[in-house]
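All remarks here apply to the structure that follows.
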Amino acid sequence: EKGVLNQLLATTGNLLVKNLTGIHIDRYFAAYPHLGAGTWNRNIGYLNVFFKWCRARKYVTRDFDPLEGISLRKVTPREFIFLPVDRFPELLDAAKTPRDRAVLAIGLYSFQRASELNRLTWDDIDDTHQDPTQWRIAVYRQKTEDRDFLPLCQELRDELAKWRLEYGRIVGEIPRGHWYEVPA
């Protein structure tokens with residue numbers, strides 16, 4: 001939400017909210033022609049909430065609505081490709097480098113976002129318990145600013161063990177705990 005408001009500010013300049021008009025909103029959306037329908041609609045929603053907040057705080061009049069006349073766009077449903085679990089090895093084998101294979105394995109087996117995956121360190125992997133149901137991956141969720149613990153399956157543990165050995169071979173020493181699992 002803050003990002004959208006910062007974009008609006010960058011487009012309109014630093015002016016009082018009560019001085020915003022439909023022209024400013026048109027300029028804002030014209031400055032971002034690449035927005036997909038879903039992002040367009042989300043941004044309108046964020047701006048609507050902001051302007052509602054401004055009306056409630058009496059920063060603007062009760063009838064203030066610079067979004068008047070701006071309509072939502074139709075979102076075309078996306079067709080998702082679902083990869084059956086039994087085809088995971090086939091996808092992993094198609095990776096061009098061992099690092100890419102590790103990235104794919106982490107994504108496939110733990111469903112992490114890229115922003116979460118690229119923060120993982122070797123210390124985040126806890127696979128020392130005798131009981132495999134206790135194996136975990138500690139993940140920092142930037143979106144919610146929470147730390148979460150995901151189960152670590154045997155397949156991912158095996159992939160990470162292979163990757164750690166390869167990573168160590170590449171850099172000349174076994175990766176340390178604070179090192180990123182999949183460096184850029």
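Every chain in the structure tokens takes a letter, A first, then B, and so on in the order presented; its residues are numbered from 1, and the ligands are numbered from 1 following the presented order.
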
Which residues of segment 55-105 of chain A come within 10 Å of segment 161-176 of chain A, and for each one, what is the closest pair of atoms and their distance in Å to one decimal, counting only C-alpha atoms, sorted by chain and residue number, as CSV?
```
residue,atom,partner,partner_atom,distance
A:Pro98,CA,A:Trp163,CA,6.5
A:Arg99,CA,A:Trp163,CA,7.0
A:Asp100,CA,A:Trp163,CA,9.8
A:Arg101,CA,A:Trp163,CA,8.2
A:Ala102,CA,A:Trp163,CA,6.3
A:Val103,CA,A:Trp163,CA,9.8
```

Write the selection just made, keeping N, CA, C and O atoms, as a CSV table (one decimal), in the first residue's frame?
```
chain,number,residue,atom,x,y,z
A,98,PRO,N,23.9,-27.1,-10.8
A,98,PRO,CA,23.6,-27.7,-9.4
A,98,PRO,C,22.9,-26.6,-8.6
A,98,PRO,O,21.9,-27.0,-7.8
A,99,ARG,N,23.3,-25.4,-8.7
A,99,ARG,CA,22.6,-24.3,-7.9
A,99,ARG,C,21.1,-24.2,-8.4
A,99,ARG,O,20.3,-24.1,-7.5
A,100,ASP,N,20.9,-24.2,-9.7
A,100,ASP,CA,19.5,-24.1,-10.2
A,100,ASP,C,18.7,-25.3,-9.7
A,100,ASP,O,17.5,-25.1,-9.4
A,101,ARG,N,19.3,-26.4,-9.6
A,101,ARG,CA,18.6,-27.6,-9.1
A,101,ARG,C,18.2,-27.4,-7.7
A,101,ARG,O,17.1,-27.8,-7.3
A,102,ALA,N,19.1,-26.9,-6.9
A,102,ALA,CA,18.8,-26.6,-5.5
A,102,ALA,C,17.7,-25.6,-5.3
A,102,ALA,O,16.8,-25.8,-4.5
A,103,VAL,N,17.7,-24.6,-6.1
A,103,VAL,CA,16.6,-23.6,-6.1
A,103,VAL,C,15.3,-24.2,-6.5
A,103,VAL,O,14.3,-24.0,-5.8
```

Tell me, counting only C-alpha atoms, for each residue of segment 56-75 of chain A within 6 Å of segment 31-49 of chain A, which pair of atoms is nearest and how far apart they are in Å to one decimal, in rows ordered by chain and increasing number, as a tab-separated table.
```
residue	atom	partner	partner_atom	distance
A:Leu72	CA	A:Asn41	CA	5.4
A:Arg73	CA	A:Ala37	CA	5.3
A:Val75	CA	A:Ala37	CA	5.4
```

Taking the DSSP secondary structure from the backbone, can you list the residues of segment 2-58 of chain A that are helix (DSSP H, G or I), as a PyMOL selection string? chain A and resi 2-12+17-19+22-31+37-56

So which residues touch segment 114-120 of chain A within 7 Å, counting only C-alpha atoms, skipping near sequence neighbours fewer than 5 positions away, as a compact mmCIF listing (two decimals) with all heavy atoms, in the first residue's frame?
```txt
# COMPACT_ATOMS: atom_id res chain seq x y z
N VAL A 139 11.95 -20.15 8.04
CA VAL A 139 11.75 -19.21 6.92
C VAL A 139 11.30 -17.87 7.48
O VAL A 139 10.40 -17.81 8.31
CB VAL A 139 10.66 -19.73 5.95
CG1 VAL A 139 10.42 -18.75 4.83
CG2 VAL A 139 11.05 -21.08 5.40
N TYR A 140 11.95 -16.80 7.00
CA TYR A 140 11.51 -15.46 7.35
C TYR A 140 10.56 -14.99 6.25
O TYR A 140 10.94 -14.93 5.08
CB TYR A 140 12.69 -14.49 7.47
CG TYR A 140 12.23 -13.07 7.72
CD1 TYR A 140 11.70 -12.71 8.95
CD2 TYR A 140 12.30 -12.12 6.72
CE1 TYR A 140 11.26 -11.42 9.17
CE2 TYR A 140 11.87 -10.82 6.93
CZ TYR A 140 11.35 -10.47 8.16
OH TYR A 140 10.90 -9.19 8.39
N ARG A 141 9.33 -14.70 6.63
CA ARG A 141 8.32 -14.24 5.67
C ARG A 141 8.32 -12.72 5.66
O ARG A 141 7.77 -12.09 6.55
CB ARG A 141 6.94 -14.76 6.06
CG ARG A 141 6.87 -16.25 6.26
CD ARG A 141 6.11 -16.87 5.14
NE ARG A 141 5.86 -18.28 5.40
CZ ARG A 141 6.06 -19.21 4.51
NH1 ARG A 141 6.50 -18.90 3.31
NH2 ARG A 141 5.82 -20.47 4.79
N TYR A 180 24.58 -18.17 2.72
CA TYR A 180 23.33 -18.39 2.00
C TYR A 180 23.33 -19.77 1.34
O TYR A 180 24.36 -20.22 0.84
CB TYR A 180 23.11 -17.31 0.93
CG TYR A 180 22.81 -15.95 1.51
CD1 TYR A 180 23.71 -14.91 1.38
CD2 TYR A 180 21.63 -15.73 2.22
CE1 TYR A 180 23.43 -13.66 1.92
CE2 TYR A 180 21.35 -14.48 2.76
CZ TYR A 180 22.26 -13.46 2.61
OH TYR A 180 21.99 -12.24 3.15
N GLU A 181 22.18 -20.40 1.34
CA GLU A 181 22.08 -21.71 0.71
C GLU A 181 22.23 -21.61 -0.80
O GLU A 181 22.86 -22.47 -1.42
CB GLU A 181 20.71 -22.35 1.02
CG GLU A 181 20.66 -22.95 2.38
CD GLU A 181 19.36 -23.69 2.62
OE1 GLU A 181 18.80 -24.27 1.66
OE2 GLU A 181 18.90 -23.67 3.75
N VAL A 182 21.63 -20.62 -1.39
CA VAL A 182 21.69 -20.46 -2.84
C VAL A 182 22.11 -19.03 -3.17
O VAL A 182 21.29 -18.18 -3.46
CB VAL A 182 20.35 -20.84 -3.53
CG1 VAL A 182 20.20 -22.33 -3.61
CG2 VAL A 182 19.16 -20.24 -2.82
```

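Atom CA of Phe80 of chain A is positioned 24.1 Å from atom CA of Glu155 of chain A.
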
Any idea what's packed within 12 Å of segment 11-15 of chain A, counting only C-alpha atoms, ignoring anything in its chain fewer than 6 positions away? Could you give it as a list in words? Val4, Leu5, Thr21, Gly22, Ile23, His24, Ile25, Asp26, Arg27, Tyr28, Phe29, Ala30, Ala31 and Tyr32 of chain A

Residues from the last selection, N, CA, C and O atoms, saved as a PDB file, in the first residue's frame:
```pdb
ATOM      1  N   VAL A   4       2.276   2.047  -3.435  1.00  0.00           N
ATOM      2  CA  VAL A   4       1.335   2.712  -4.346  1.00  0.00           C
ATOM      3  C   VAL A   4       1.226   4.189  -3.995  1.00  0.00           C
ATOM      4  O   VAL A   4       1.234   5.055  -4.884  1.00  0.00           O
ATOM      5  N   LEU A   5       1.149   4.504  -2.707  1.00  0.00           N
ATOM      6  CA  LEU A   5       1.072   5.913  -2.298  1.00  0.00           C
ATOM      7  C   LEU A   5       2.356   6.658  -2.653  1.00  0.00           C
ATOM      8  O   LEU A   5       2.306   7.823  -3.063  1.00  0.00           O
ATOM      9  N   THR A  21      -6.912  15.760  -7.916  1.00  0.00           N
ATOM     10  CA  THR A  21      -8.079  15.701  -8.798  1.00  0.00           C
ATOM     11  C   THR A  21      -8.001  14.438  -9.643  1.00  0.00           C
ATOM     12  O   THR A  21      -7.004  13.714  -9.608  1.00  0.00           O
ATOM     13  N   GLY A  22      -9.022  14.219 -10.404  1.00  0.00           N
ATOM     14  CA  GLY A  22      -9.041  13.094 -11.324  1.00  0.00           C
ATOM     15  C   GLY A  22      -7.892  13.158 -12.319  1.00  0.00           C
ATOM     16  O   GLY A  22      -7.378  12.133 -12.761  1.00  0.00           O
ATOM     17  N   ILE A  23      -7.472  14.349 -12.659  1.00  0.00           N
ATOM     18  CA  ILE A  23      -6.350  14.519 -13.593  1.00  0.00           C
ATOM     19  C   ILE A  23      -5.071  13.926 -12.990  1.00  0.00           C
ATOM     20  O   ILE A  23      -4.297  13.260 -13.679  1.00  0.00           O
ATOM     21  N   HIS A  24      -4.862  14.148 -11.703  1.00  0.00           N
ATOM     22  CA  HIS A  24      -3.689  13.584 -11.035  1.00  0.00           C
ATOM     23  C   HIS A  24      -3.739  12.051 -11.059  1.00  0.00           C
ATOM     24  O   HIS A  24      -2.722  11.396 -11.286  1.00  0.00           O
ATOM     25  N   ILE A  25      -4.918  11.512 -10.835  1.00  0.00           N
ATOM     26  CA  ILE A  25      -5.075  10.055 -10.840  1.00  0.00           C
ATOM     27  C   ILE A  25      -4.837   9.519 -12.250  1.00  0.00           C
ATOM     28  O   ILE A  25      -4.175   8.493 -12.436  1.00  0.00           O
ATOM     29  N   ASP A  26      -5.356  10.230 -13.251  1.00  0.00           N
ATOM     30  CA  ASP A  26      -5.115   9.824 -14.639  1.00  0.00           C
ATOM     31  C   ASP A  26      -3.615   9.823 -14.951  1.00  0.00           C
ATOM     32  O   ASP A  26      -3.104   8.906 -15.604  1.00  0.00           O
ATOM     33  N   ARG A  27      -2.904  10.847 -14.478  1.00  0.00           N
ATOM     34  CA  ARG A  27      -1.451  10.917 -14.694  1.00  0.00           C
ATOM     35  C   ARG A  27      -0.739   9.758 -13.998  1.00  0.00           C
ATOM     36  O   ARG A  27       0.221   9.212 -14.523  1.00  0.00           O
ATOM     37  N   TYR A  28      -1.212   9.453 -12.795  1.00  0.00           N
ATOM     38  CA  TYR A  28      -0.615   8.344 -12.055  1.00  0.00           C
ATOM     39  C   TYR A  28      -0.720   7.050 -12.862  1.00  0.00           C
ATOM     40  O   TYR A  28       0.267   6.357 -13.078  1.00  0.00           O
ATOM     41  N   PHE A  29      -1.934   6.722 -13.300  1.00  0.00           N
ATOM     42  CA  PHE A  29      -2.107   5.469 -14.044  1.00  0.00           C
ATOM     43  C   PHE A  29      -1.426   5.520 -15.414  1.00  0.00           C
ATOM     44  O   PHE A  29      -0.932   4.502 -15.900  1.00  0.00           O
ATOM     45  N   ALA A  30      -1.342   6.692 -16.027  1.00  0.00           N
ATOM     46  CA  ALA A  30      -0.639   6.825 -17.305  1.00  0.00           C
ATOM     47  C   ALA A  30       0.866   6.595 -17.128  1.00  0.00           C
ATOM     48  O   ALA A  30       1.546   6.141 -18.054  1.00  0.00           O
ATOM     49  N   ALA A  31       1.378   6.909 -15.948  1.00  0.00           N
ATOM     50  CA  ALA A  31       2.804   6.722 -15.680  1.00  0.00           C
ATOM     51  C   ALA A  31       3.161   5.242 -15.519  1.00  0.00           C
ATOM     52  O   ALA A  31       4.337   4.884 -15.566  1.00  0.00           O
ATOM     53  N   TYR A  32       2.169   4.393 -15.329  1.00  0.00           N
ATOM     54  CA  TYR A  32       2.402   2.957 -15.136  1.00  0.00           C
ATOM     55  C   TYR A  32       1.539   2.156 -16.114  1.00  0.00           C
ATOM     56  O   TYR A  32       0.647   1.413 -15.709  1.00  0.00           O
TER      57      TYR A  32
END
```

Strand (DSSP E or B) call set, DSSP backbone run, segment 13-142 of chain A, as a VMD selection string: chain A and resid 121 125 to 126 136 to 141

Same residues, N, CA and C atoms, output as an mmCIF file, in the first residue's frame:
```cif
data_model
loop_
_atom_site.group_PDB
_atom_site.id
_atom_site.type_symbol
_atom_site.label_atom_id
_atom_site.label_comp_id
_atom_site.auth_asym_id
_atom_site.auth_seq_id
_atom_site.Cartn_x
_atom_site.Cartn_y
_atom_site.Cartn_z
ATOM 1 N N THR A 121 19.743 -19.473 4.934
ATOM 2 C CA THR A 121 21.127 -19.832 5.221
ATOM 3 C C THR A 121 21.142 -21.297 5.637
ATOM 4 N N ILE A 125 18.310 -24.735 8.227
ATOM 5 C CA ILE A 125 17.939 -26.139 8.035
ATOM 6 C C ILE A 125 18.188 -26.902 9.330
ATOM 7 N N ASP A 126 17.146 -27.517 9.854
ATOM 8 C CA ASP A 126 17.270 -28.328 11.066
ATOM 9 C C ASP A 126 16.866 -29.759 10.714
ATOM 10 N N ARG A 136 12.946 -29.415 10.028
ATOM 11 C CA ARG A 136 12.304 -28.140 9.718
ATOM 12 C C ARG A 136 13.222 -27.232 8.901
ATOM 13 N N ILE A 137 12.572 -26.282 8.216
ATOM 14 C CA ILE A 137 13.268 -25.171 7.569
ATOM 15 C C ILE A 137 12.709 -23.906 8.208
ATOM 16 N N ALA A 138 13.573 -23.078 8.760
ATOM 17 C CA ALA A 138 13.143 -21.801 9.332
ATOM 18 C C ALA A 138 13.097 -20.777 8.200
ATOM 19 N N VAL A 139 11.954 -20.152 8.036
ATOM 20 C CA VAL A 139 11.752 -19.207 6.924
ATOM 21 C C VAL A 139 11.303 -17.869 7.478
ATOM 22 N N TYR A 140 11.953 -16.805 7.002
ATOM 23 C CA TYR A 140 11.510 -15.460 7.348
ATOM 24 C C TYR A 140 10.565 -14.990 6.253
ATOM 25 N N ARG A 141 9.331 -14.702 6.634
ATOM 26 C CA ARG A 141 8.321 -14.244 5.674
ATOM 27 C C ARG A 141 8.323 -12.717 5.657
#
```

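With atom CA of Asp123 of chain A on one side and atom CA of Gly177 of chain A on the other, the separation reads 4.5 Å.
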
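Shortest separation to Asp127 of chain A among A:Arg113, A:Arg62, A:Arg157, A:Arg147 occurs at residue A:Arg157, atoms counted being only C-alpha atoms.
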